[in-house]
Amino acid sequence: MKMNFKVKSVQAAFLLTIATGASSFAQSIPTPATTPAKAPSRGTVVVKASGTLTVNVGPKFELKINGTSYGLVEVRSSTARDYSFVLRNPVPAGAKIEVVYRNDYLRDGQDRNLFVDSVTINGLTLSSSSTGVVFDQGAGAQAFDNLNTVPGKREMTTNGALRFIWPSAIGGPVVIGGGNGGSGGSTCNALPNTTT
């Protein structure tokens with residue numbers, strides 16, 4: 001006599017095997033689906049920023065850590081918002097964190113500017129005007145040449161890199177990475193040149 005049963009668990013398959021005397025217990029056990037493991041997040045880096053739009057385009061900034069790009073974001077809010085980045089690698093204390101303004105615009109009375117209030121890594125916040133923060137003015141490679149620097153400031157009225165050297169007083173490596181964009185902010189993926 002042949003009986004067809006739909007087995008929903010390993011226990012049910014075992015009990016069915018005992019009750020029917022079936023000899024192929026292994027054939028009645030469902031195979032669990034496998035899902036690729038997601039890489040764990042290593043913390044949060046949040047850039048609090050706002051900007052002025054011109055020609056319906058907001059200021060764009062790139063987040064760089066020790067020279068590696070972790071995303072490009074267009075800021076379309078005139079009030080400060082949190083822009084959070086998901087990173088997968090630990091970043092050591094003393095790391096160079098750069099907010100790079102890429103698309104300054106000044107024409108016919110229209111002036112696009114980026115305003116960076118702060119950078120926060122795992123709950124520790126540095127203001128853009130903190131001691132040791134510098135703004136390296138210039139487009140392209142000039143934003144990284146250390147030739148036209150001024151003390152860090154909130155207003156970025158020209159292209160350039162706002163550079164933070166993360167304090168070593170934190171103790172051990174500082175781990176930064178993903179999170180939610182706080183009060184209406186945006187979450188950015190840790191992929192080079194990702195735009196939102």
# chains A, B, ... in the order shown; residues from 1 in each chain; ligands from 1
>>> residues_around(residues="range 130-136 of chain A", least_positions_apart="3", cutoff="6 Å", atoms="only C-alpha atoms", output="PyMOL selection string")
chain A and resi 127+143+146+148-152+160-164
>>> closest_atom_pairs(of="range 111-166 of chain A", to="range 50-56 of chain A", cutoff="6 Å", atoms="only C-alpha atoms", output="CSV")
residue,atom,partner,partner_atom,distance
A:Arg112,CA,A:Thr52,CA,5.1
A:Asn113,CA,A:Thr52,CA,5.4
A:Leu114,CA,A:Gly51,CA,4.5
A:Phe115,CA,A:Ser50,CA,5.1
>>> write_last_selection(atoms="N, CA, C and O atoms", output="compact mmCIF listing (two decimals), in the first residue's frame")
# COMPACT_ATOMS: atom_id res chain seq x y z
N ARG A 112 26.13 77.26 -4.76
CA ARG A 112 25.94 75.97 -4.10
C ARG A 112 27.04 75.80 -3.06
O ARG A 112 28.22 75.94 -3.37
N ASN A 113 26.65 75.49 -1.83
CA ASN A 113 27.62 75.30 -0.75
C ASN A 113 27.23 74.08 0.10
O ASN A 113 26.06 73.71 0.17
N LEU A 114 28.23 73.51 0.75
CA LEU A 114 28.03 72.38 1.65
C LEU A 114 28.36 72.85 3.06
O LEU A 114 29.35 73.56 3.28
N PHE A 115 27.53 72.45 4.03
CA PHE A 115 27.75 72.79 5.43
C PHE A 115 27.86 71.50 6.22
O PHE A 115 26.90 70.70 6.24
>>> select_by_dssp(residues="range 48-159 of chain A", states="strand (DSSP E or B)", output="ChimeraX atom specification")
/A:48-51,54,57,60-65,68-74,81-85,90-91,96-101,105-107,110-112,114-121,124-127,134-137,149-151,155-156
>>> closest_residue(among="A:Ser129, A:Ser84, A:Asn89, A:Gln137", to="Asp117 in chain A", atoms="only C-alpha atoms")
A:Ser129
>>> residues_around(residues="Ala95 in chain A", least_positions_apart="4", cutoff="7 Å", atoms="only C-alpha atoms", output="list in words")
Ile65, Asn66, Val91, Ile165 and Trp166 of chain A
>>> write_last_selection(atoms="N, CA and C atoms", output="PDB file, in the first residue's frame")
ATOM      1  N   ILE A  65      38.133  57.366   3.904  1.00  0.00           N
ATOM      2  CA  ILE A  65      38.825  56.973   5.125  1.00  0.00           C
ATOM      3  C   ILE A  65      40.166  56.391   4.716  1.00  0.00           C
ATOM      4  N   ASN A  66      41.224  57.055   5.185  1.00  0.00           N
ATOM      5  CA  ASN A  66      42.593  56.673   4.815  1.00  0.00           C
ATOM      6  C   ASN A  66      42.742  56.525   3.299  1.00  0.00           C
ATOM      7  N   VAL A  91      38.461  50.626  11.452  1.00  0.00           N
ATOM      8  CA  VAL A  91      39.316  51.763  11.136  1.00  0.00           C
ATOM      9  C   VAL A  91      40.096  52.116  12.396  1.00  0.00           C
ATOM     10  N   ILE A 165      41.471  63.978  11.783  1.00  0.00           N
ATOM     11  CA  ILE A 165      42.359  62.885  12.195  1.00  0.00           C
ATOM     12  C   ILE A 165      41.730  62.335  13.472  1.00  0.00           C
ATOM     13  N   TRP A 166      41.248  61.086  13.383  1.00  0.00           N
ATOM     14  CA  TRP A 166      40.509  60.536  14.509  1.00  0.00           C
ATOM     15  C   TRP A 166      41.425  60.354  15.705  1.00  0.00           C
TER      16      TRP A 166
END
